[in-house]
$ cat run.txt   # compact mmCIF, C-alpha atoms
# COMPACT_ATOMS: atom_id res chain seq x y z
CA MET X 1 -5.44 22.78 4.40
CA SER X 2 -9.19 22.43 3.99
CA GLN X 3 -11.12 19.75 5.82
CA PRO X 4 -12.18 16.75 3.74
CA ALA X 5 -15.83 16.65 2.77
CA ILE X 6 -17.58 13.85 4.68
CA ILE X 7 -19.61 11.71 2.27
CA LYS X 8 -21.84 8.67 2.77
CA SER X 9 -21.65 7.14 -0.72
CA VAL X 10 -18.87 7.21 -3.28
CA VAL X 11 -21.58 7.52 -5.94
CA GLU X 12 -22.12 11.10 -4.72
CA ILE X 13 -18.82 12.10 -6.35
CA ALA X 14 -18.58 9.52 -9.16
CA GLU X 15 -19.41 11.94 -11.98
CA ARG X 16 -16.30 14.00 -11.17
CA TYR X 17 -13.93 11.13 -12.00
CA ASP X 18 -13.06 8.87 -14.91
CA ALA X 19 -10.98 6.27 -13.05
CA ILE X 20 -10.28 4.91 -9.57
CA LEU X 21 -7.03 3.84 -7.87
CA CYS X 22 -8.13 1.86 -4.82
CA ASP X 23 -6.17 0.44 -1.91
CA VAL X 24 -6.91 -3.16 -0.95
CA TRP X 25 -6.00 -4.14 2.60
CA GLY X 26 -8.13 -2.15 5.05
CA VAL X 27 -10.47 -0.89 2.33
CA LEU X 28 -11.68 -4.01 0.49
CA HIS X 29 -10.83 -6.62 3.12
CA ASN X 30 -9.29 -6.98 6.58
CA GLY X 31 -6.72 -9.60 5.64
CA GLN X 32 -9.22 -12.41 6.12
CA ARG X 33 -12.59 -11.47 4.66
CA ALA X 34 -13.99 -8.92 2.24
CA TYR X 35 -16.07 -5.88 3.16
CA PRO X 36 -19.22 -6.46 1.05
CA ALA X 37 -20.26 -2.79 0.92
CA ALA X 38 -16.81 -1.74 -0.30
CA CYS X 39 -16.79 -4.39 -3.02
CA ALA X 40 -20.30 -3.35 -4.08
CA ALA X 41 -19.13 0.28 -4.30
CA LEU X 42 -16.39 -0.65 -6.77
CA GLN X 43 -18.80 -2.80 -8.76
CA ARG X 44 -21.12 0.20 -8.99
CA LEU X 45 -18.29 2.49 -10.12
CA ARG X 46 -17.27 0.02 -12.82
CA ALA X 47 -20.90 -0.20 -13.93
CA LEU X 48 -20.77 3.58 -14.35
CA GLY X 49 -17.81 3.17 -16.71
CA LYS X 50 -14.99 3.95 -14.26
CA PRO X 51 -11.97 1.59 -14.55
CA VAL X 52 -10.79 0.43 -11.11
CA ILE X 53 -7.08 -0.23 -10.59
CA LEU X 54 -6.25 -1.89 -7.28
CA ILE X 55 -3.01 -0.41 -5.96
CA THR X 56 -1.53 -2.34 -3.05
CA ASN X 57 1.67 -2.37 -1.03
CA VAL X 58 1.69 -6.16 -0.85
CA PRO X 59 5.33 -7.30 -1.28
CA LYS X 60 4.55 -9.79 -4.05
CA PRO X 61 4.20 -9.62 -7.83
CA ARG X 62 0.56 -9.36 -8.90
CA GLY X 63 0.39 -12.95 -10.20
CA PRO X 64 -1.05 -14.66 -7.09
CA ILE X 65 -3.10 -11.68 -5.89
CA PRO X 66 -6.37 -12.42 -7.78
CA ARG X 67 -6.57 -15.86 -6.15
CA GLN X 68 -5.96 -14.32 -2.73
CA LEU X 69 -8.73 -11.81 -3.36
CA ASP X 70 -11.01 -14.68 -4.43
CA HIS X 71 -10.25 -16.43 -1.16
CA ALA X 72 -11.12 -13.30 0.84
CA GLY X 73 -14.39 -12.96 -1.06
CA VAL X 74 -13.55 -9.93 -3.25
CA PRO X 75 -15.46 -10.46 -6.52
CA ARG X 76 -13.49 -10.18 -9.75
CA ASP X 77 -15.97 -7.73 -11.25
CA ALA X 78 -14.98 -5.19 -8.56
CA TRP X 79 -11.67 -4.40 -10.29
CA ASP X 80 -9.99 -4.19 -13.68
CA ALA X 81 -6.25 -4.51 -12.90
CA ILE X 82 -3.82 -4.78 -10.00
CA VAL X 83 -0.47 -3.12 -9.35
CA THR X 84 1.67 -4.08 -6.38
CA SER X 85 4.64 -2.76 -4.46
CA GLY X 86 6.23 -6.12 -5.22
CA ASP X 87 6.03 -5.46 -8.95
CA ALA X 88 7.41 -1.95 -8.54
CA ILE X 89 10.37 -2.96 -6.34
CA ARG X 90 11.45 -5.86 -8.59
CA PHE X 91 13.04 -3.33 -10.97
CA GLU X 92 15.30 -2.17 -8.13
CA LEU X 93 16.09 -5.73 -7.10
CA ALA X 94 16.85 -6.90 -10.63
CA ALA X 95 19.30 -4.03 -11.11
CA ARG X 96 21.34 -5.39 -8.19
CA ALA X 97 21.53 -9.02 -9.38
CA PRO X 98 23.27 -11.25 -8.58
CA GLY X 99 23.83 -9.47 -5.26
CA PRO X 100 24.32 -11.25 -3.00
CA MET X 101 21.59 -9.90 -0.73
CA PHE X 102 20.80 -10.31 2.94
CA LYS X 103 17.08 -11.11 3.08
CA ILE X 104 14.58 -10.34 5.82
CA GLY X 105 11.11 -11.86 5.50
CA PRO X 106 9.22 -15.16 5.83
CA ASP X 107 10.31 -17.69 3.19
CA ASP X 108 6.85 -19.20 2.79
CA TYR X 109 5.28 -15.79 2.09
CA ASP X 110 7.67 -13.84 -0.10
CA ARG X 111 9.08 -16.51 -2.43
CA THR X 112 7.52 -15.04 -5.57
CA LEU X 113 9.08 -11.63 -4.90
CA TRP X 114 12.60 -12.90 -5.62
CA GLU X 115 11.83 -15.51 -8.29
CA GLY X 116 13.52 -15.09 -11.65
CA LEU X 117 15.75 -12.18 -10.63
CA GLY X 118 19.01 -14.14 -10.41
CA LEU X 119 19.70 -12.96 -6.87
CA THR X 120 21.75 -14.97 -4.42
CA GLN X 121 21.48 -14.74 -0.64
CA ALA X 122 24.22 -14.31 1.93
CA PRO X 123 24.71 -13.38 5.59
CA ILE X 124 25.19 -9.70 6.41
CA GLU X 125 28.99 -10.03 6.39
CA ALA X 126 29.03 -11.11 2.72
CA ALA X 127 25.99 -9.20 1.38
CA LYS X 128 26.14 -6.22 -0.99
CA PHE X 129 22.70 -4.99 0.06
CA ALA X 130 19.76 -5.97 2.27
CA ALA X 131 16.13 -6.49 1.24
CA ILE X 132 12.97 -6.87 3.32
CA SER X 133 9.47 -8.06 2.48
CA GLY X 134 8.21 -8.19 6.07
CA LEU X 135 9.15 -9.28 9.56
CA ASN X 136 10.23 -12.89 9.85
CA GLU X 137 7.47 -13.71 12.36
CA ASP X 138 4.05 -12.09 12.88
CA ASP X 139 4.58 -11.73 16.63
CA GLU X 140 7.85 -9.78 16.27
CA THR X 141 8.15 -6.01 16.69
CA PRO X 142 10.58 -3.48 15.20
CA ALA X 143 12.51 -3.53 18.48
CA ASP X 144 13.54 -7.12 17.70
CA TYR X 145 15.52 -5.80 14.70
CA ALA X 146 17.47 -3.01 16.39
CA GLY X 147 20.72 -4.98 16.65
CA LEU X 148 20.38 -6.32 13.12
CA LEU X 149 19.91 -2.81 11.73
CA GLN X 150 23.00 -1.58 13.55
CA HIS X 151 24.98 -4.42 11.97
CA MET X 152 23.64 -3.51 8.52
CA LYS X 153 24.47 0.16 9.09
CA ALA X 154 28.03 -0.73 10.14
CA ARG X 155 28.44 -2.41 6.74
CA ASP X 156 26.80 0.57 4.98
CA LEU X 157 24.22 -1.66 3.25
CA ASP X 158 21.30 -0.21 1.29
CA LEU X 159 17.94 -1.62 2.41
CA ILE X 160 15.46 -2.39 -0.39
CA CYS X 161 11.99 -2.38 1.19
CA ALA X 162 9.22 -4.17 -0.70
CA ASN X 163 6.36 -2.87 1.47
CA PRO X 164 6.35 0.71 2.81
CA ASP X 165 3.36 0.02 5.12
CA ILE X 166 4.07 0.43 8.83
CA VAL X 167 1.26 -1.78 10.17
CA VAL X 168 -1.62 -3.78 8.73
CA ARG X 169 -4.78 -5.13 10.33
CA VAL X 170 -5.27 -8.90 10.03
CA GLY X 171 -8.72 -9.67 11.39
CA ASP X 172 -8.65 -8.12 14.86
CA ARG X 173 -4.84 -8.01 15.11
CA MET X 174 -2.36 -5.35 14.06
CA ILE X 175 0.80 -6.75 12.45
CA TRP X 176 4.03 -4.80 11.92
CA CYS X 177 5.11 -4.44 8.28
CA ALA X 178 8.42 -3.95 6.48
CA GLY X 179 7.98 -0.18 6.39
CA ALA X 180 8.41 -0.03 10.17
CA ILE X 181 11.85 -1.63 9.88
CA ALA X 182 12.77 0.65 6.98
CA GLN X 183 11.72 3.67 9.04
CA ASP X 184 13.95 2.58 11.92
CA TYR X 185 16.86 2.04 9.51
CA GLU X 186 16.45 5.55 8.12
CA ASN X 187 16.35 6.89 11.67
CA ILE X 188 19.86 5.56 12.34
CA GLY X 189 21.17 6.95 9.05
CA GLY X 190 20.70 3.93 6.79
CA ARG X 191 19.78 4.27 3.11
CA VAL X 192 16.36 2.89 2.16
CA ILE X 193 14.89 2.37 -1.33
CA MET X 194 11.12 1.91 -1.68
CA ALA X 195 8.79 1.83 -4.70
CA GLY X 196 5.32 1.23 -3.24
CA LYS X 197 2.92 3.88 -1.96
CA PRO X 198 3.60 6.76 -1.35
CA PHE X 199 6.48 6.60 -3.86
CA ALA X 200 6.20 7.33 -7.58
CA PRO X 201 7.08 3.95 -9.20
CA ILE X 202 3.87 2.20 -8.15
CA TYR X 203 1.78 5.11 -9.47
CA ASP X 204 3.66 4.97 -12.77
CA LEU X 205 2.62 1.32 -13.04
CA ALA X 206 -0.98 2.24 -12.21
CA PHE X 207 -1.07 4.98 -14.87
CA HIS X 208 0.30 2.48 -17.40
CA GLU X 209 -2.42 -0.04 -16.53
CA LEU X 210 -5.05 2.66 -16.75
CA GLN X 211 -3.86 3.66 -20.21
CA GLN X 212 -4.43 0.08 -21.38
CA PHE X 213 -8.15 0.60 -20.69
CA THR X 214 -8.56 4.16 -21.94
CA GLY X 215 -6.11 4.19 -24.85
CA HIS X 216 -4.70 7.55 -23.76
CA ALA X 217 -2.78 9.15 -20.92
CA ALA X 218 -4.97 9.74 -17.90
CA ASP X 219 -6.17 13.22 -16.92
CA ARG X 220 -4.96 13.35 -13.33
CA GLU X 221 -7.70 15.77 -12.36
CA ARG X 222 -10.18 12.99 -13.20
CA ILE X 223 -8.56 10.22 -11.11
CA LEU X 224 -9.70 9.43 -7.56
CA CYS X 225 -7.51 7.56 -5.07
CA ILE X 226 -9.14 5.63 -2.22
CA GLY X 227 -7.25 4.42 0.84
CA ASP X 228 -6.99 4.19 4.61
CA GLY X 229 -3.22 4.69 4.99
CA VAL X 230 -2.40 8.31 5.86
CA PRO X 231 1.39 8.13 5.22
CA THR X 232 0.97 5.84 2.21
CA ASP X 233 -2.36 6.18 0.35
CA ILE X 234 -3.06 9.81 1.21
CA ALA X 235 0.53 11.04 1.07
CA GLY X 236 1.01 9.23 -2.24
CA ALA X 237 -2.09 10.78 -3.76
CA ASN X 238 -0.95 14.22 -2.60
CA ALA X 239 2.49 13.73 -4.14
CA GLN X 240 0.89 12.76 -7.46
CA GLY X 241 -1.55 15.67 -7.41
CA LEU X 242 -4.57 13.35 -7.26
CA ASP X 243 -7.83 13.78 -5.37
CA CYS X 244 -8.29 11.21 -2.62
CA LEU X 245 -10.99 9.65 -0.50
CA PHE X 246 -9.79 8.80 3.00
CA ILE X 247 -11.34 5.70 4.58
CA ALA X 248 -11.44 6.34 8.34
CA SER X 249 -11.50 2.69 9.39
CA GLY X 250 -9.32 -0.17 8.14
CA MET X 251 -6.00 0.17 9.93
CA HIS X 252 -7.57 2.74 12.27
CA GLY X 253 -10.38 0.52 13.51
CA GLU X 254 -12.91 2.91 15.04
CA ALA X 255 -10.31 5.28 16.52
CA LEU X 256 -11.44 8.06 14.16
CA TRP X 257 -15.12 7.60 14.99
CA SER X 258 -17.34 8.94 17.77
CA ASN X 259 -20.67 7.41 18.74
CA GLY X 260 -20.50 4.97 15.85
CA ALA X 261 -19.93 7.60 13.16
CA ILE X 262 -16.93 9.25 11.53
CA ASP X 263 -15.57 12.16 13.60
CA ALA X 264 -14.48 15.03 11.35
CA ALA X 265 -12.21 16.55 14.00
CA LYS X 266 -10.37 13.27 14.58
CA VAL X 267 -9.96 12.76 10.83
CA GLU X 268 -8.58 16.27 10.41
CA ALA X 269 -6.10 15.70 13.27
CA ALA X 270 -4.93 12.37 11.82
CA LEU X 271 -4.28 13.98 8.43
CA ALA X 272 -2.64 17.08 9.92
CA ALA X 273 -0.27 14.92 11.96
CA GLU X 274 1.24 13.65 8.67
CA LYS X 275 0.90 17.06 6.95
CA VAL X 276 -1.36 15.67 4.24
CA HIS X 277 -4.88 16.42 3.07
CA ALA X 278 -7.79 14.44 1.70
CA THR X 279 -10.53 15.66 -0.64
CA TYR X 280 -13.19 13.45 0.94
CA ALA X 281 -13.59 11.10 3.90
CA MET X 282 -15.91 8.20 4.69
CA ALA X 283 -16.29 5.90 7.68
CA ALA X 284 -15.94 2.94 5.30
CA LEU X 285 -16.14 2.56 1.54
CA ALA X 286 -19.76 2.11 0.48
$ encode --input "run.txt" --output "structure tokens"
Amino acid sequence: MSQPAIIKSVVEIAERYDAILCDVWGVLHNGQRAYPAACAALQRLRALGKPVILITNVPKPRGPIPRQLDHAGVPRDAWDAIVTSGDAIRFELAARAPGPMFKIGPDDYDRTLWEGLGLTQAPIEAAKFAAISGLNEDDETPADYAGLLQHMKARDLDLICANPDIVVRVGDRMIWCAGAIAQDYENIGGRVIMAGKPFAPIYDLAFHELQQFTGHAADRERILCIGDGVPTDIAGANAQGLDCLFIASGMHGEALWSNGAIDAAKVEAALAAEKVHATYAMAALA
């Protein structure tokens, strides 16, 4: 695999692409506040006539996401449409109604994910499948769920995972995500269903949104994906045959930098560890 080209401005490569699929958390904001240079980069791309579809593994339907982006300081003229892992996984959830399901995730955070699907909830002993939007508490770790997963496996329950991300940065903290629990369940032989990045359903939604702007099916050779998640954003772009720009910060902090600048060798090692490749890399979107 060739090394990604290190670039300083996304405008350097803009003429090669007609549309952008951009990650949100870790690229546009850190869970609390926006990255102004990243938002300005997307505004510039849109000014050049490139539709920007935000593609995020947030385990919610897209409805409340614009307001959350407003709160973080992401301007609305930095994007054209949003697709979420929550939207993509609702098709899987609806197909299993009325369940019942055993739910993992904070009630005050994931309520909109289940709304309108006709699903009922039950303890593990009475459930027909399990579903997870995230860990119940931010200070929990995957180890806290080991016994629960064994119980689910003993009942041979499918696990529907609404967010394939393993970790996410919230300010200066790293928080475990639903994907970490799903990964552990797979490791003990459990069946997991996911629809967010890197899986195809969320990209199908993104291509549909893109077609609403262009009026025709997208030329995949003219689409650029942007993201910081190696096993999600970059692996997903690879699976779809799309060029991608790897952001070597976000969830990585400055671990892939040396002396305040992106380190090409560290980036190459991080990508090789997941057996993926990126077309370009930047320290941060700008």
$ atom_distance --input "run.txt" --atom1 "atom CA of Ala5 of chain X" --atom2 "atom CA of His277 of chain X"
11.0 Å
$ atom_distance --input "run.txt" --atom1 "atom CA of Gly63 of chain X" --atom2 "atom CA of Ala34 of chain X"
19.4 Å
$ axis_aligned_box --input "run.txt" --around "segment 133-144 of chain X" --padding-each-side "3 Å" --output "lines of an AutoDock Vina configuration file"
center_x = 8.8
center_y = -8.6
center_z = 10.5
size_x = 15.5
size_y = 16.2
size_z = 22.0
$ closest_residue --input "run.txt" --among "X:Gly134, X:Pro198, X:Gly241, X:Gly236" --to "Gly179 of chain X" --atoms "all atoms listed in the file"
X:Gly134
$ residues_around --input "run.txt" --residues "segment 183-193 of chain X" --least-positions-apart "4" --cutoff "12 Å" --atoms "only C-alpha atoms" --output "PyMOL selection string"
chain X and resi 85+88-93+129-132+141-167+176-179+199-201+231
$ closest_residue --input "run.txt" --among "X:Arg169, X:Met194, X:Ala284, X:Glu221" --to "Leu245 of chain X" --atoms "only C-alpha atoms"
X:Ala284
$ closest_residue --input "run.txt" --among "X:Cys22, X:Ala180, X:Ile223, X:Ala265" --to "Ser133 of chain X" --atoms "only C-alpha atoms"
X:Ala180
$ atom_distance --input "run.txt" --atom1 "atom CA of Lys128 of chain X" --atom2 "atom CA of Lys103 of chain X"
11.1 Å
$ residues_around --input "run.txt" --residues "Leu210 of chain X" --least-positions-apart "3" --cutoff "10 Å" --atoms "all atoms listed in the file" --output "list in words"
Ala19, Ile20, Leu21, Pro51, Val52, Ile53, Asp80, Ala81, Asp204, Leu205, Ala206, Phe207, Phe213, Thr214, Gly215, His216, Ala217 and Ala218 of chain X
$ closest_residue --input "run.txt" --among "X:Cys39, X:Pro100, X:Val58, X:Val27" --to "Asp70 of chain X" --atoms "only C-alpha atoms"
X:Cys39
$ closest_residue --input "run.txt" --among "X:Leu285, X:Leu119, X:Ala237, X:Val170" --to "Ala95 of chain X" --atoms "only C-alpha atoms"
X:Leu119
$ residues_around --input "run.txt" --residues "Lys50 of chain X" --least-positions-apart "4" --cutoff "6 Å" --atoms "all atoms listed in the file" --output "PyMOL selection string"
chain X and resi 18-19+45-46
$ decode --input "run.txt" --residues "segment 35-61 of chain X" --atoms "N, CA and C atoms" --output "PDB file, in the first residue's frame"
ATOM      1  N   TYR X  35     -14.083  22.900  15.675  1.00  0.00           N
ATOM      2  CA  TYR X  35     -12.756  23.276  15.208  1.00  0.00           C
ATOM      3  C   TYR X  35     -12.960  24.314  14.094  1.00  0.00           C
ATOM      4  N   PRO X  36     -12.682  25.577  14.343  1.00  0.00           N
ATOM      5  CA  PRO X  36     -12.988  26.625  13.353  1.00  0.00           C
ATOM      6  C   PRO X  36     -12.341  26.387  11.992  1.00  0.00           C
ATOM      7  N   ALA X  37     -11.094  25.942  11.961  1.00  0.00           N
ATOM      8  CA  ALA X  37     -10.415  25.749  10.677  1.00  0.00           C
ATOM      9  C   ALA X  37     -11.081  24.640   9.862  1.00  0.00           C
ATOM     10  N   ALA X  38     -11.552  23.602  10.541  1.00  0.00           N
ATOM     11  CA  ALA X  38     -12.223  22.502   9.843  1.00  0.00           C
ATOM     12  C   ALA X  38     -13.549  22.974   9.259  1.00  0.00           C
ATOM     13  N   CYS X  39     -14.298  23.728  10.043  1.00  0.00           N
ATOM     14  CA  CYS X  39     -15.575  24.256   9.547  1.00  0.00           C
ATOM     15  C   CYS X  39     -15.344  25.188   8.355  1.00  0.00           C
ATOM     16  N   ALA X  40     -14.302  26.017   8.441  1.00  0.00           N
ATOM     17  CA  ALA X  40     -13.992  26.931   7.344  1.00  0.00           C
ATOM     18  C   ALA X  40     -13.603  26.160   6.086  1.00  0.00           C
ATOM     19  N   ALA X  41     -12.935  25.017   6.260  1.00  0.00           N
ATOM     20  CA  ALA X  41     -12.550  24.201   5.103  1.00  0.00           C
ATOM     21  C   ALA X  41     -13.781  23.688   4.373  1.00  0.00           C
ATOM     22  N   LEU X  42     -14.774  23.227   5.121  1.00  0.00           N
ATOM     23  CA  LEU X  42     -15.999  22.741   4.475  1.00  0.00           C
ATOM     24  C   LEU X  42     -16.774  23.887   3.839  1.00  0.00           C
ATOM     25  N   GLN X  43     -16.786  25.043   4.492  1.00  0.00           N
ATOM     26  CA  GLN X  43     -17.439  26.205   3.877  1.00  0.00           C
ATOM     27  C   GLN X  43     -16.775  26.548   2.546  1.00  0.00           C
ATOM     28  N   ARG X  44     -15.451  26.469   2.505  1.00  0.00           N
ATOM     29  CA  ARG X  44     -14.716  26.769   1.273  1.00  0.00           C
ATOM     30  C   ARG X  44     -15.054  25.745   0.190  1.00  0.00           C
ATOM     31  N   LEU X  45     -15.110  24.465   0.557  1.00  0.00           N
ATOM     32  CA  LEU X  45     -15.437  23.425  -0.414  1.00  0.00           C
ATOM     33  C   LEU X  45     -16.839  23.635  -0.981  1.00  0.00           C
ATOM     34  N   ARG X  46     -17.785  23.982  -0.127  1.00  0.00           N
ATOM     35  CA  ARG X  46     -19.146  24.235  -0.606  1.00  0.00           C
ATOM     36  C   ARG X  46     -19.179  25.457  -1.525  1.00  0.00           C
ATOM     37  N   ALA X  47     -18.362  26.460  -1.208  1.00  0.00           N
ATOM     38  CA  ALA X  47     -18.295  27.644  -2.057  1.00  0.00           C
ATOM     39  C   ALA X  47     -17.729  27.308  -3.436  1.00  0.00           C
ATOM     40  N   LEU X  48     -16.947  26.236  -3.492  1.00  0.00           N
ATOM     41  CA  LEU X  48     -16.394  25.765  -4.764  1.00  0.00           C
ATOM     42  C   LEU X  48     -17.357  24.829  -5.494  1.00  0.00           C
ATOM     43  N   GLY X  49     -18.561  24.663  -4.941  1.00  0.00           N
ATOM     44  CA  GLY X  49     -19.574  23.849  -5.602  1.00  0.00           C
ATOM     45  C   GLY X  49     -19.555  22.381  -5.243  1.00  0.00           C
ATOM     46  N   LYS X  50     -18.910  22.026  -4.110  1.00  0.00           N
ATOM     47  CA  LYS X  50     -18.836  20.624  -3.691  1.00  0.00           C
ATOM     48  C   LYS X  50     -19.869  20.367  -2.588  1.00  0.00           C
ATOM     49  N   PRO X  51     -20.914  19.581  -2.826  1.00  0.00           N
ATOM     50  CA  PRO X  51     -21.847  19.242  -1.747  1.00  0.00           C
ATOM     51  C   PRO X  51     -21.110  18.495  -0.628  1.00  0.00           C
ATOM     52  N   VAL X  52     -21.450  18.824   0.611  1.00  0.00           N
ATOM     53  CA  VAL X  52     -20.842  18.190   1.785  1.00  0.00           C
ATOM     54  C   VAL X  52     -21.918  17.419   2.543  1.00  0.00           C
ATOM     55  N   ILE X  53     -21.751  16.108   2.604  1.00  0.00           N
ATOM     56  CA  ILE X  53     -22.642  15.252   3.389  1.00  0.00           C
ATOM     57  C   ILE X  53     -21.902  14.849   4.660  1.00  0.00           C
ATOM     58  N   LEU X  54     -22.444  15.211   5.814  1.00  0.00           N
ATOM     59  CA  LEU X  54     -21.851  14.765   7.072  1.00  0.00           C
ATOM     60  C   LEU X  54     -22.301  13.329   7.329  1.00  0.00           C
ATOM     61  N   ILE X  55     -21.354  12.462   7.616  1.00  0.00           N
ATOM     62  CA  ILE X  55     -21.640  11.044   7.795  1.00  0.00           C
ATOM     63  C   ILE X  55     -21.076  10.640   9.158  1.00  0.00           C
ATOM     64  N   THR X  56     -21.973  10.362  10.093  1.00  0.00           N
ATOM     65  CA  THR X  56     -21.579  10.209  11.488  1.00  0.00           C
ATOM     66  C   THR X  56     -22.131   8.933  12.099  1.00  0.00           C
ATOM     67  N   ASN X  57     -21.353   8.343  12.986  1.00  0.00           N
ATOM     68  CA  ASN X  57     -21.779   7.130  13.683  1.00  0.00           C
ATOM     69  C   ASN X  57     -22.582   7.425  14.947  1.00  0.00           C
ATOM     70  N   VAL X  58     -23.084   8.623  15.086  1.00  0.00           N
ATOM     71  CA  VAL X  58     -23.910   8.929  16.250  1.00  0.00           C
ATOM     72  C   VAL X  58     -25.144   8.010  16.248  1.00  0.00           C
ATOM     73  N   PRO X  59     -25.471   7.401  17.395  1.00  0.00           N
ATOM     74  CA  PRO X  59     -26.585   6.448  17.444  1.00  0.00           C
ATOM     75  C   PRO X  59     -27.937   7.118  17.643  1.00  0.00           C
ATOM     76  N   LYS X  60     -28.234   8.089  16.796  1.00  0.00           N
ATOM     77  CA  LYS X  60     -29.501   8.813  16.839  1.00  0.00           C
ATOM     78  C   LYS X  60     -29.957   9.055  15.407  1.00  0.00           C
ATOM     79  N   PRO X  61     -31.264   9.195  15.183  1.00  0.00           N
ATOM     80  CA  PRO X  61     -31.711   9.697  13.874  1.00  0.00           C
ATOM     81  C   PRO X  61     -31.177  11.116  13.676  1.00  0.00           C
TER      82      PRO X  61
END
